[in-house]
Each structure stands twice: as C-alpha cells, then as structure tokens.
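Heads up, the thing below is written out as structure tokens.
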Amino acid sequence: MATLEFYKDKEKGLLDPTLFERAREKAEELNREGKLKSSQFRNYFAELRALENRFQKERKADEALAFARLVPELELLKAKLAYNTRSQGPLREAKAFVGFLNEALDAGKRSPKDFEAMMKYVEAVLAYFYASGK
C-alpha cells in the first residue's frame, strides 16, 4: 500500500489539492462497507481532537518535546483500535475503518506538519461520512 501523503509541497505547507477528494472517496468506502457506526468514528475523532488540543498547547513551549509526547499517544490509539477488532470487539468487521485510521495515524506520526494535515484529512472523512449516509 502506498504511504498516505498530505502535501503538494510540505516545506511551504501546501496541501495536496486532491486530499479532500480522497477524503470523500474514503468516506464513501466506509459507508459502502456498512460496518461502522457514526458514534464509533466520532469517539476516535474525539480522542484525536483531545490529543491535538494538548499538542497545540504544549508546542508553544517546545514543539519537539510536544511532538515526542504525542507520538506514543498515537501509538496507544492504534493499540485501542486493534483491541476493538478482537473477535467480539465492536470494530471486528469494520476493516475499511481500521485500515483507514491505522494508515492516517502512521502518516500523522511523521512530523508535526503531517499530524496537522492528518487531522484535517480525518475530519474531512468524518464530515463526508456523515454527509453520505450513516
């Protein structure tokens, strides 16, 4: 699988113009699969938003340290995601969502800029997910 990329020009902070079209397509895929409840998506997004808020607050003092603290929290979120795919877990059949979120989290761990872009991408997928069905 290709690595998820967010930027046309990362140094200039220019997002790839196709990013939000890809978000729409991903949301449609999640809806077609039909195994994800909106509350499940919302819960993961709420955790991400809380991490983002803490990172934004801490980065004012030391961005490198704030990001170093953020990465293990993203790994923990991946562990929670894996736990919820167990045989009786709520996401056991939501393979498209699990794949999407794992890929996004991996991409968000690359750098602070990638984390910010990942948040925009995940938020767009959530918005399109709501708009297209669930």
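Just remember, in the structure tokens the first chain shown is A, the second B, etc., residues are 1-based per chain, and ligands are 1-based in the order shown.
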Please report as a Markdown table every residue of stretch 33-132 of chain A lying within 12 Å of stretch 1-10 of chain A, along with the nearest atom pair and their distance in Å (one decimal), using only C-alpha atoms.
| residue | atom | partner | partner_atom | distance |
| --- | --- | --- | --- | --- |
| A:Gly99 | CA | A:Met1 | CA | 10.6 |
| A:Phe100 | CA | A:Leu4 | CA | 9.8 |
| A:Leu101 | CA | A:Leu4 | CA | 11.0 |
| A:Asn102 | CA | A:Leu4 | CA | 10.5 |
| A:Glu103 | CA | A:Leu4 | CA | 6.8 |
| A:Ala104 | CA | A:Leu4 | CA | 7.0 |
| A:Leu105 | CA | A:Leu4 | CA | 9.8 |
| A:Asp106 | CA | A:Leu4 | CA | 8.5 |
| A:Ala107 | CA | A:Leu4 | CA | 6.1 |
| A:Gly108 | CA | A:Leu4 | CA | 9.2 |
| A:Lys109 | CA | A:Leu4 | CA | 11.5 |
| A:Arg110 | CA | A:Glu5 | CA | 10.4 |
| A:Ser111 | CA | A:Lys10 | CA | 10.4 |
| A:Pro112 | CA | A:Lys10 | CA | 11.1 |
| A:Lys113 | CA | A:Lys10 | CA | 7.7 |
| A:Asp114 | CA | A:Phe6 | CA | 7.1 |
| A:Phe115 | CA | A:Phe6 | CA | 9.7 |
| A:Glu116 | CA | A:Phe6 | CA | 9.7 |
| A:Ala117 | CA | A:Phe6 | CA | 6.2 |
| A:Met118 | CA | A:Phe6 | CA | 7.3 |
| A:Met119 | CA | A:Phe6 | CA | 10.5 |
| A:Lys120 | CA | A:Phe6 | CA | 9.5 |
| A:Tyr121 | CA | A:Phe6 | CA | 8.1 |
| A:Val122 | CA | A:Phe6 | CA | 11.3 |
Taking only residues of stretch 55-102 of chain A that have an atom at most 12 Å from an atom of stretch 36-46 of chain A, what is each one's shortest atom pair and its distance in Å to one decimal, using only C-alpha atoms, in chain and number order, as a tab-separated table?
residue	atom	partner	partner_atom	distance
A:Leu74	CA	A:Tyr44	CA	11.1
A:Leu76	CA	A:Tyr44	CA	11.8
A:Leu77	CA	A:Tyr44	CA	8.2
A:Lys78	CA	A:Tyr44	CA	10.2
A:Lys80	CA	A:Tyr44	CA	9.5
A:Leu81	CA	A:Tyr44	CA	8.7
A:Asn84	CA	A:Gln40	CA	10.3
A:Thr85	CA	A:Leu36	CA	11.8
A:Gly89	CA	A:Gln40	CA	11.7
A:Pro90	CA	A:Gln40	CA	8.4
A:Leu91	CA	A:Leu36	CA	7.2
A:Arg92	CA	A:Leu36	CA	9.8
A:Glu93	CA	A:Leu36	CA	8.2
A:Ala94	CA	A:Leu36	CA	5.7
A:Lys95	CA	A:Leu36	CA	9.1
A:Ala96	CA	A:Leu36	CA	8.8
A:Phe97	CA	A:Leu36	CA	7.2
A:Val98	CA	A:Leu36	CA	9.7
A:Phe100	CA	A:Phe41	CA	11.2
A:Leu101	CA	A:Tyr44	CA	9.0
A:Asn102	CA	A:Tyr44	CA	11.5
Picked from chain A by DSSP as helix (DSSP H, G or I), as a PyMOL selection string: chain A and resi 19-33+38-59+63-83+95-108+112-131
Selection near A:Phe67, 7 Å with only C-alpha atoms, sequence-local residues under 4 positions removed, as a PyMOL selection string: chain A and resi 55+63+71+112
Per-residue DSSP, stretch 1-65 of chain A, filtered to strand (DSSP E or B), as a list in words: Tyr7, Lys8, Asp9, Leu14 and Leu15 of chain A
Proximity to A:Gly34 - best of A:Leu70, A:Gly133, A:Phe20, A:Arg86, only C-alpha atoms: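 When distances to A:Gly34 are compared using only C-alpha atoms, the smallest one comes from A:Gly133.
Atom CA of A:Arg49 sits 17.2 Å away from atom CA of A:Ala68.
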Test item: residues at most 9 Å from stretch 130-132 of chain A, only C-alpha atoms, excluding those fewer than 2 positions along its chain, as a list of chain:residue names: A:Arg24, A:Ala27, A:Glu28, A:Asn31, A:Ser38, A:Val125, A:Leu126, A:Ala127, A:Tyr128, A:Lys134
